[in-house]
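Have a look at input.csv; it's CSV, C-alpha atoms:
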```csv
chain,number,residue,atom,x,y,z
A,1,MET,CA,10.2,-77.9,6.3
A,2,SER,CA,6.6,-79.1,6.7
A,3,LEU,CA,4.7,-80.4,9.7
A,4,ASP,CA,2.9,-82.8,7.4
A,5,PRO,CA,4.3,-85.8,5.4
A,6,ILE,CA,2.6,-84.5,2.2
A,7,PRO,CA,5.2,-82.6,0.2
A,8,ILE,CA,4.6,-79.0,-0.9
A,9,ASN,CA,4.5,-79.3,-4.7
A,10,ARG,CA,1.9,-76.6,-5.5
A,11,LEU,CA,2.9,-73.5,-7.3
A,12,ALA,CA,2.4,-70.2,-5.6
A,13,ARG,CA,-0.8,-68.2,-6.1
A,14,ARG,CA,-0.5,-65.4,-8.6
A,15,ILE,CA,0.5,-62.2,-6.8
A,16,ALA,CA,-1.3,-60.1,-9.4
A,17,GLY,CA,-4.2,-62.5,-9.8
A,18,PRO,CA,-7.9,-61.7,-9.0
A,19,GLY,CA,-7.5,-63.1,-5.4
A,20,ALA,CA,-4.2,-61.4,-4.7
A,21,THR,CA,-3.8,-59.1,-1.8
A,22,LYS,CA,-2.3,-55.7,-1.3
A,23,THR,CA,0.1,-57.0,1.3
A,24,ALA,CA,1.4,-59.8,-0.9
A,25,ALA,CA,1.8,-57.3,-3.8
A,26,MET,CA,3.8,-54.9,-1.6
A,27,ILE,CA,6.2,-57.7,-0.5
A,28,MET,CA,6.7,-59.0,-4.0
A,29,LEU,CA,7.3,-55.5,-5.3
A,30,GLY,CA,10.1,-55.0,-2.8
A,31,LEU,CA,11.6,-58.4,-3.4
A,32,THR,CA,11.5,-57.8,-7.2
A,33,ILE,CA,13.3,-54.5,-6.8
A,34,ILE,CA,16.0,-56.2,-4.7
A,35,ASP,CA,16.5,-58.8,-7.3
A,36,LEU,CA,16.7,-56.3,-10.2
A,37,ARG,CA,19.3,-54.1,-8.5
A,38,ASP,CA,21.3,-57.1,-7.3
A,39,ALA,CA,21.3,-58.3,-10.9
A,40,VAL,CA,23.2,-55.2,-12.0
A,41,GLY,CA,25.4,-54.9,-8.9
A,42,ILE,CA,23.8,-51.8,-7.4
A,43,THR,CA,23.5,-51.5,-3.6
A,44,GLN,CA,20.5,-50.1,-1.8
A,45,LYS,CA,22.4,-46.9,-1.0
A,46,GLU,CA,23.5,-46.4,-4.6
A,47,LEU,CA,20.0,-46.8,-5.8
A,48,ALA,CA,18.7,-44.3,-3.3
A,49,LYS,CA,21.4,-41.8,-4.4
A,50,GLY,CA,20.8,-42.4,-8.1
A,51,ILE,CA,17.1,-41.5,-7.9
A,52,LEU,CA,17.5,-38.7,-5.3
A,53,VAL,CA,15.7,-40.2,-2.4
A,54,SER,CA,16.8,-41.2,1.1
A,55,ASN,CA,18.1,-44.6,1.9
A,56,SER,CA,15.3,-45.2,4.3
A,57,THR,CA,12.8,-44.6,1.4
A,58,ILE,CA,14.3,-47.5,-0.5
A,59,SER,CA,14.6,-49.6,2.6
A,60,ARG,CA,10.8,-49.1,3.4
A,61,LEU,CA,10.0,-49.9,-0.3
A,62,GLU,CA,12.0,-53.1,-0.3
A,63,LYS,CA,10.8,-54.3,3.1
A,64,ALA,CA,7.1,-53.4,2.3
A,65,GLU,CA,7.0,-51.3,5.5
A,66,ALA,CA,4.7,-48.7,3.9
A,67,PRO,CA,2.6,-48.3,0.7
A,68,PRO,CA,4.9,-47.6,-2.3
A,69,GLU,CA,5.1,-44.2,-3.9
A,70,PRO,CA,4.4,-44.4,-7.6
A,71,ARG,CA,7.0,-41.8,-8.4
A,72,THR,CA,9.7,-43.7,-6.5
A,73,VAL,CA,8.9,-46.9,-8.4
A,74,GLU,CA,8.9,-45.1,-11.7
A,75,ALA,CA,12.3,-43.6,-10.8
A,76,VAL,CA,13.6,-47.1,-10.1
A,77,ILE,CA,12.3,-48.3,-13.4
A,78,LYS,CA,14.0,-45.4,-15.2
A,79,TYR,CA,17.3,-45.6,-13.3
A,80,LEU,CA,17.7,-49.4,-13.8
A,81,GLN,CA,16.7,-49.1,-17.5
A,82,LEU,CA,14.4,-52.0,-17.3
A,83,ALA,CA,13.1,-53.9,-20.3
A,84,GLU,CA,9.4,-53.8,-21.1
A,85,PRO,CA,8.4,-57.1,-19.3
A,86,GLN,CA,10.2,-56.0,-16.1
A,87,ARG,CA,8.5,-52.6,-16.3
A,88,ASP,CA,5.1,-54.2,-16.7
A,89,GLU,CA,5.7,-56.5,-13.8
A,90,LEU,CA,6.7,-53.7,-11.4
A,91,ARG,CA,3.7,-51.5,-12.6
A,92,MET,CA,1.3,-54.4,-12.2
A,93,LEU,CA,2.5,-55.0,-8.6
A,94,LEU,CA,2.4,-51.3,-7.9
A,95,SER,CA,-1.2,-51.1,-9.1
A,96,ARG,CA,-2.3,-53.8,-6.7
A,97,ALA,CA,-0.2,-52.5,-3.9
A,98,LEU,CA,-2.0,-49.2,-4.0
A,99,GLU,CA,-5.4,-50.7,-3.7
A,100,PRO,CA,-6.9,-51.1,-0.2
A,101,GLU,CA,-6.6,-54.4,1.6
A,102,TRP,CA,-9.9,-56.3,1.9
A,103,PHE,CA,-10.4,-55.5,5.6
A,104,GLN,CA,-9.7,-51.8,5.1
A,105,ARG,CA,-12.9,-51.2,3.2
A,106,GLN,CA,-15.3,-52.0,6.1
A,107,TYR,CA,-13.4,-53.3,9.1
A,108,SER,CA,-10.4,-50.9,9.5
A,109,ASP,CA,-11.6,-49.6,12.9
A,110,VAL,CA,-11.8,-53.1,14.4
A,111,THR,CA,-8.7,-54.7,12.9
A,112,PRO,CA,-5.7,-54.7,15.2
A,113,LYS,CA,-2.6,-53.2,13.6
A,114,TYR,CA,-0.5,-56.2,14.6
A,115,LEU,CA,-2.8,-58.6,12.8
A,116,ARG,CA,-3.1,-56.8,9.5
A,117,ARG,CA,-0.1,-58.3,7.7
A,118,LEU,CA,-1.3,-61.8,8.7
A,119,LEU,CA,-4.8,-61.1,7.4
A,120,GLY,CA,-3.3,-59.8,4.1
A,121,LEU,CA,-1.2,-63.0,3.6
A,122,GLU,CA,-3.0,-66.1,5.0
A,123,ALA,CA,-5.3,-66.4,2.0
A,124,MET,CA,-2.3,-66.4,-0.3
A,125,ALA,CA,-0.7,-69.3,1.5
A,126,ILE,CA,-0.9,-72.8,0.0
A,127,TYR,CA,0.1,-74.4,3.3
A,128,LEU,CA,-0.8,-73.0,6.8
A,129,THR,CA,0.1,-74.4,10.2
A,130,THR,CA,-1.1,-72.7,13.4
A,131,TYR,CA,-0.6,-73.3,17.1
A,132,ASP,CA,-3.0,-71.8,19.6
A,133,VAL,CA,-2.5,-72.0,23.3
A,134,ARG,CA,-5.6,-70.6,25.0
A,135,LEU,CA,-8.5,-70.6,22.6
A,136,VAL,CA,-9.8,-72.3,19.5
A,137,ALA,CA,-8.0,-71.1,16.4
A,138,GLY,CA,-9.7,-68.0,15.0
A,139,LEU,CA,-10.2,-69.6,11.6
A,140,LEU,CA,-12.2,-72.4,13.3
A,141,GLN,CA,-14.3,-70.4,15.7
A,142,THR,CA,-18.1,-70.4,15.4
A,143,PRO,CA,-19.9,-67.0,15.5
A,144,GLU,CA,-21.3,-67.7,18.9
A,145,TYR,CA,-17.9,-68.8,20.3
A,146,SER,CA,-16.3,-65.7,18.8
A,147,SER,CA,-19.0,-63.5,20.2
A,148,CYS,CA,-18.3,-64.8,23.7
A,149,VAL,CA,-14.6,-64.2,23.3
A,150,ILE,CA,-15.1,-60.7,22.0
A,151,ARG,CA,-17.5,-59.8,24.8
A,152,THR,CA,-15.0,-60.8,27.5
A,153,GLY,CA,-12.7,-58.1,26.2
A,154,LEU,CA,-15.3,-55.3,26.4
A,155,HIS,CA,-17.0,-53.5,29.3
A,156,ILE,CA,-20.5,-54.8,29.9
A,157,SER,CA,-21.9,-51.4,28.7
A,158,GLU,CA,-20.3,-52.1,25.3
A,159,TRP,CA,-22.0,-55.5,24.8
A,160,ASP,CA,-24.7,-54.0,22.5
A,161,SER,CA,-22.1,-51.9,20.6
A,162,PRO,CA,-22.0,-52.2,16.8
A,163,GLU,CA,-18.3,-53.0,17.3
A,164,ILE,CA,-19.2,-56.6,18.2
A,165,ALA,CA,-21.1,-57.2,15.0
A,166,MET,CA,-18.2,-55.6,13.0
A,167,ARG,CA,-15.7,-57.9,14.6
A,168,LEU,CA,-17.8,-61.0,14.0
A,169,ALA,CA,-18.3,-60.0,10.3
A,170,LEU,CA,-14.5,-59.5,10.0
A,171,ARG,CA,-13.9,-63.0,11.4
A,172,GLN,CA,-16.5,-64.5,9.2
A,173,GLU,CA,-15.0,-62.9,6.0
A,174,ARG,CA,-11.5,-64.0,7.1
A,175,GLN,CA,-12.7,-67.6,7.3
A,176,GLU,CA,-14.4,-67.4,3.9
A,177,ARG,CA,-11.4,-65.9,2.2
A,178,VAL,CA,-9.2,-68.8,3.4
A,179,PHE,CA,-11.5,-71.8,3.1
A,180,CYS,CA,-13.9,-70.9,0.3
A,181,GLN,CA,-11.2,-70.6,-2.4
A,182,THR,CA,-11.2,-72.9,-5.4
A,183,GLU,CA,-8.0,-74.3,-4.0
A,184,PRO,CA,-7.9,-73.6,-0.3
A,185,PRO,CA,-4.7,-74.0,1.6
A,186,ARG,CA,-3.7,-77.2,3.3
A,187,CYS,CA,-4.2,-76.4,7.0
A,188,VAL,CA,-2.9,-78.0,10.1
A,189,PHE,CA,-4.3,-76.6,13.4
A,190,LEU,CA,-2.4,-77.4,16.5
A,191,MET,CA,-4.3,-76.4,19.7
A,192,ASP,CA,-3.5,-76.9,23.4
A,193,GLU,CA,-5.7,-79.6,24.9
A,194,SER,CA,-7.0,-77.0,27.4
A,195,VAL,CA,-9.1,-75.4,24.7
A,196,LEU,CA,-11.4,-78.5,25.0
A,197,TYR,CA,-12.1,-77.6,28.6
A,198,ARG,CA,-11.8,-73.8,28.8
A,199,ARG,CA,-15.3,-72.4,29.0
A,200,VAL,CA,-15.8,-69.2,27.1
A,201,GLY,CA,-19.6,-69.4,27.1
A,202,PRO,CA,-22.6,-71.6,28.1
A,203,ASP,CA,-22.8,-75.3,27.3
A,204,ASP,CA,-24.7,-74.9,24.0
A,205,VAL,CA,-22.0,-72.5,22.7
A,206,MET,CA,-19.2,-74.9,23.7
A,207,CYS,CA,-21.0,-77.9,22.3
A,208,GLU,CA,-21.6,-76.2,19.0
A,209,GLN,CA,-18.0,-75.2,18.8
A,210,MET,CA,-16.8,-78.7,19.5
A,211,GLN,CA,-19.2,-80.2,17.0
A,212,HIS,CA,-18.0,-77.7,14.4
A,213,MET,CA,-14.4,-78.8,14.8
A,214,LEU,CA,-15.4,-82.4,14.9
A,215,GLN,CA,-17.2,-82.1,11.5
A,216,ILE,CA,-14.2,-80.3,10.0
A,217,ALA,CA,-11.7,-82.9,11.4
A,218,ARG,CA,-13.8,-85.8,10.0
A,219,PHE,CA,-14.8,-84.5,6.6
A,220,ASP,CA,-12.6,-81.6,5.4
A,221,PRO,CA,-9.8,-83.1,3.3
A,222,HIS,CA,-7.8,-79.8,3.5
A,223,VAL,CA,-7.8,-79.6,7.3
A,224,THR,CA,-6.0,-81.5,10.0
A,225,ILE,CA,-6.8,-80.8,13.7
A,226,ARG,CA,-4.4,-82.0,16.5
A,227,PHE,CA,-4.3,-81.3,20.2
A,228,VAL,CA,-1.1,-80.7,22.2
A,229,LEU,CA,-1.4,-82.9,25.2
A,230,LEU,CA,-1.2,-81.4,28.7
A,231,ASP,CA,1.3,-83.9,30.0
A,232,ARG,CA,3.9,-83.2,27.3
A,233,MET,CA,6.9,-81.1,28.5
A,234,ILE,CA,7.6,-79.6,25.1
A,235,ALA,CA,4.5,-77.4,25.3
A,236,GLY,CA,6.2,-75.3,28.0
A,237,ASN,CA,9.1,-74.2,25.8
A,238,GLU,CA,9.9,-70.6,25.0
A,239,ALA,CA,7.4,-68.9,22.6
A,240,SER,CA,4.9,-71.7,22.8
A,241,MET,CA,3.2,-70.0,25.7
A,242,ALA,CA,3.1,-66.6,23.9
A,243,GLY,CA,-0.5,-67.0,22.6
A,244,GLY,CA,-0.1,-68.4,19.2
A,245,MET,CA,2.1,-69.1,16.2
A,246,ALA,CA,1.6,-69.6,12.5
A,247,HIS,CA,3.8,-70.9,9.7
A,248,LEU,CA,2.7,-69.7,6.2
A,249,GLN,CA,4.1,-71.4,3.1
A,250,PHE,CA,3.5,-69.8,-0.3
A,251,GLY,CA,4.6,-72.4,-2.7
A,252,HIS,CA,7.2,-72.5,-5.5
A,253,GLY,CA,7.9,-69.1,-7.0
A,254,GLY,CA,6.0,-67.2,-4.3
A,255,LEU,CA,6.7,-65.1,-1.3
A,256,PRO,CA,9.3,-66.3,1.3
A,257,ASP,CA,7.9,-68.5,4.0
A,258,LEU,CA,6.8,-66.6,7.1
A,259,VAL,CA,6.4,-67.4,10.8
A,260,TYR,CA,4.0,-65.3,12.8
A,261,VAL,CA,4.3,-65.1,16.6
A,262,GLU,CA,1.5,-63.5,18.6
A,263,GLY,CA,1.8,-62.0,22.1
A,264,TYR,CA,-0.5,-59.9,24.2
A,265,GLY,CA,-1.6,-57.0,21.9
A,266,LYS,CA,1.4,-57.4,19.6
A,267,ALA,CA,2.9,-59.8,17.0
A,268,ASP,CA,6.3,-60.5,15.4
A,269,TYR,CA,6.8,-61.5,11.8
A,270,HIS,CA,9.8,-63.6,10.9
A,271,PRO,CA,10.3,-64.2,7.1
A,272,ALA,CA,12.6,-67.0,5.9
A,273,PRO,CA,16.0,-65.4,5.5
A,274,GLU,CA,17.8,-65.3,2.2
A,275,SER,CA,20.8,-67.6,2.0
A,276,SER,CA,23.8,-67.8,-0.3
A,277,PRO,CA,24.3,-70.6,-2.8
A,278,GLU,CA,27.1,-72.0,-0.5
A,279,GLU,CA,24.8,-71.9,2.5
A,280,ARG,CA,22.0,-73.7,0.6
A,281,MET,CA,24.4,-76.6,-0.2
A,282,LYS,CA,24.9,-77.3,3.5
A,283,PRO,CA,22.6,-80.0,5.1
A,284,TRP,CA,21.5,-77.6,7.9
A,285,PRO,CA,21.6,-73.8,8.6
A,286,THR,CA,24.9,-72.7,10.3
A,287,LYS,CA,23.4,-69.6,11.8
A,288,GLU,CA,20.3,-69.5,14.1
A,289,ASN,CA,17.6,-67.0,13.2
A,290,ASP,CA,14.2,-66.3,14.6
A,291,PHE,CA,12.4,-67.9,11.6
A,292,GLU,CA,14.3,-71.2,12.1
A,293,ARG,CA,14.0,-71.1,15.9
A,294,HIS,CA,10.2,-70.8,15.8
A,295,LEU,CA,9.8,-73.2,13.0
A,296,GLN,CA,11.8,-75.8,14.9
A,297,LEU,CA,9.6,-75.3,17.9
A,298,LEU,CA,6.5,-75.9,15.8
A,299,LEU,CA,8.1,-79.1,14.4
A,300,ARG,CA,8.9,-80.3,17.9
A,301,ILE,CA,5.4,-79.6,19.2
A,302,SER,CA,3.9,-81.5,16.2
A,303,GLY,CA,6.3,-84.4,16.4
A,304,GLU,CA,6.7,-84.8,20.2
A,305,ALA,CA,3.7,-83.3,22.0
A,306,CYS,CA,0.6,-83.8,19.8
A,307,ALA,CA,-2.1,-86.4,19.8
A,308,SER,CA,-2.6,-88.1,16.4
A,309,PRO,CA,-5.4,-86.8,14.1
A,310,ALA,CA,-7.4,-89.9,15.0
A,311,ALA,CA,-6.9,-89.5,18.7
A,312,SER,CA,-7.8,-85.8,18.4
A,313,VAL,CA,-11.1,-86.7,16.8
A,314,ARG,CA,-11.8,-88.9,19.8
A,315,MET,CA,-10.9,-86.0,22.1
A,316,LEU,CA,-13.4,-83.8,20.2
A,317,GLU,CA,-16.1,-86.5,20.6
A,318,GLU,CA,-15.5,-86.6,24.3
A,319,ALA,CA,-15.7,-82.8,24.4
A,320,VAL,CA,-19.1,-82.8,22.6
A,321,ALA,CA,-20.4,-85.4,25.1
A,322,ARG,CA,-19.1,-83.3,28.0
A,323,PHE,CA,-21.0,-80.1,27.0
A,324,SER,CA,-24.1,-81.9,25.7
```
Take the structure in the file and write it out as C-alpha cells.
Amino acid sequence: MSLDPIPINRLARRIAGPGATKTAAMIMLGLTIIDLRDAVGITQKELAKGILVSNSTISRLEKAEAPPEPRTVEAVIKYLQLAEPQRDELRMLLSRALEPEWFQRQYSDVTPKYLRRLLGLEAMAIYLTTYDVRLVAGLLQTPEYSSCVIRTGLHISEWDSPEIAMRLALRQERQERVFCQTEPPRCVFLMDESVLYRRVGPDDVMCEQMQHMLQIARFDPHVTIRFVLLDRMIAGNEASMAGGMAHLQFGHGGLPDLVYVEGYGKADYHPAPESSPEERMKPWPTKENDFERHLQLLLRISGEACASPAASVRMLEEAVARFS
C-alpha cells in the first residue's frame, strides 16, 4: 500500500552493491537462509542441531539481531549442501554484513541505539513516508534548526561541546546519503501543522527552515510535503502522538517493507509479515498485526487529515512571512 497515487514499480537497490548497507545485508542474509532451509524442509531447530549451535544462534542470525558469525554461515552452507551460486550469494552478503555501518566509523558515540536500524535502511528504500508530530522531519532540518533542537536536550554547560558538531555532521551525512543518490527515494513527509508555529530558535532560524522546506516542496520532484491539519480528529489516534512514524518500501525483490514507530528514547520496528499463498489470495488481511495497524494509520492520516501539497505550499509561504 502506498500513500501516493504513483505505483511502486522500481526494482530494489542491490543489497551487495556499492551503496548497500551493513544493516540491509544482515537482514537479507537472514531471509536468504530462511528461504534456503524452507526449500529443503528443514526447521530452524533442525538446522541448529545439524550444525551444533543453539537455536537462539540461528534465530539471531535469521532475524539479523546481531552481526553474523562467519563460522556459523559456513556451517549452514556445508549442512545445506548449497550450489556454487547460492554459496557465493551468502558469502557476499556475509562480507558486507561484517563491515561497519556508515555511522559507526565516526558517529557511533552520538548515534542513539534505537535509531541505528533506521539509519542503516532508509537510504536503501525506494519509497519513504514519514510522519512527525512535534518537529520538522530530521531529513528536512537545516543545520541551524538542528543545532537549536540539539541544544535544548543538553545542559547549558555542554553547548560548546564537540558532541554538538558531531551530531550535526551525522544529520548532514544522513541527509546526503538519502537525497544525493543517483536515484533518490520518492519521499512523502507528513508533519503536524504545529511545526509551522513551534519555535525552536530565533526568527532567522525559523525563517530559514521554512524557506528550505518551501524550496524543496516547490522544486524537488522526488519530495512531497504535506501538513496534518490541527482541526482533524484523526491526528489524535493511537500511535500518531508517539513522536514519529516512517514507512519504508524497498521495491521488487528487496527487503520486506518496514514501519518504524518512534517514542521517547526508544523505537519499534515492524516488518511486513510473511503470508501464505492462500492468505495472499484474499482481498484483505484476516489477522491484524502491528505493521498493518500502523500502516493503516498512516494511510488514514494522509487521506483524511492532511492538507493537499498545494495547500501545504501556501502554509509554508505564510510561515516564511510570519518569521520574516
Minimum-distance residue to Asp290 in chain A, chosen among A:Val261, A:Val320, A:Cys306, A:Met206 (using all atoms listed in the file): A:Val261
Separation of CA of Leu118 in chain A from CA of Gln249 in chain A in Å: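 Computing it gives 12.4 Å between the two atoms.
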CA of Glu99 in chain A to CA of Gly263 in chain A, straight-line distance in Å: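 Going from CA of Gly263 in chain A over to CA of Glu99 in chain A, I get 29.1 Å.
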Distance of CA of Tyr127 in chain A from CA of Leu258 in chain A, expressed in Å to one decimal place: 11.0 Å
Spatial neighbours of Met191 in chain A, max dist 12 Å, all atoms listed in the file, sep filter under 2 positions, as an MDAnalysis selection string: chainID A and resid 129:138 140 188:189 193:197 213 224:230 235 240:241 243:246 298 301:302 305:307 309 312 315:316
For Leu119 in chain A: contacts at 10 Å, all atoms listed in the file, fewer than 6 positions along chain excluded, given as a list in words: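 The contact residues come out as Thr21, Thr23, Glu101, Trp102, Phe103, Thr111, Arg174, Arg177 and Val178 of chain A.
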Nearest residue to Val149 in chain A from the set A:Arg116, A:Arg91, A:Arg198, A:Arg186 (distances using all atoms listed in the file): A:Arg198
Selection near Tyr145 in chain A, 7 Å with all atoms listed in the file, sequence-local residues under 4 positions removed, as a PyMOL selection string: chain A and resi 141+149+205+209
Write a file of the selected residues as a PDB file, in the frame of the given file, keeping C-alpha atoms.
```
ATOM      1  CA  GLN A 141     -14.300 -70.400  15.700  1.00  0.00           C
ATOM      2  CA  VAL A 149     -14.600 -64.200  23.300  1.00  0.00           C
ATOM      3  CA  VAL A 205     -22.000 -72.500  22.700  1.00  0.00           C
ATOM      4  CA  GLN A 209     -18.000 -75.200  18.800  1.00  0.00           C
TER       5      GLN A 209
END
```
Asp203 in chain A surroundings by only C-alpha atoms, 9 Å radius, close-in-sequence under 6 positions cut, as JSON, numbers by chain: {"A": [322, 323, 324]}
Best match for closeness to Gln106 in chain A among A:Ala165, A:Asp231, A:Ser308, A:Leu31, counting all atoms listed in the file: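 Closest residue, counting all atoms listed in the file: A:Ala165.
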Of the listed residues A:Arg151, A:Lys22, A:Lys49, A:Arg199, that which approaches Leu93 in chain A most closely, counting all atoms listed in the file: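 Nearest to Leu93 in chain A: A:Lys22.
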Do a neighbour search on Glu183 in chain A at 10 Å with all atoms listed in the file, toss out local chain neighbours closer than 3 positions, and write the hits as a PDB file with C-alpha atoms, in the frame of the given file.
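Final output, saved to result.pdb:
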```pdb
ATOM      1  CA  ARG A  13      -0.800 -68.200  -6.100  1.00  0.00           C
ATOM      2  CA  ILE A 126      -0.900 -72.800   0.000  1.00  0.00           C
ATOM      3  CA  VAL A 178      -9.200 -68.800   3.400  1.00  0.00           C
ATOM      4  CA  PHE A 179     -11.500 -71.800   3.100  1.00  0.00           C
ATOM      5  CA  CYS A 180     -13.900 -70.900   0.300  1.00  0.00           C
ATOM      6  CA  ARG A 186      -3.700 -77.200   3.300  1.00  0.00           C
ATOM      7  CA  HIS A 222      -7.800 -79.800   3.500  1.00  0.00           C
TER       8      HIS A 222
END
```
With range 57-75 of chain A as the partner and 8 Å as the cut-off, tabulate the residues of range 86-145 of chain A that qualify, each row holding the nearest pair of atoms and their distance in Å to one decimal, using all atoms listed in the file, sorted by chain and rising number, as JSON lines.
```
{"residue": "A:Leu90", "atom": "CA", "partner": "A:Val73", "partner_atom": "CA", "distance": 7.8}
{"residue": "A:Leu94", "atom": "CA", "partner": "A:Pro68", "partner_atom": "CA", "distance": 7.2}
{"residue": "A:Ala97", "atom": "CA", "partner": "A:Pro67", "partner_atom": "CA", "distance": 6.8}
{"residue": "A:Leu98", "atom": "CA", "partner": "A:Pro67", "partner_atom": "CA", "distance": 6.6}
```
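Of the residues listed (A:Leu29, A:Asp192, A:Ala20, A:Asp257), A:Leu29 shows the shortest atom-to-atom separation from Asp88 in chain A; distances use all atoms listed in the file.
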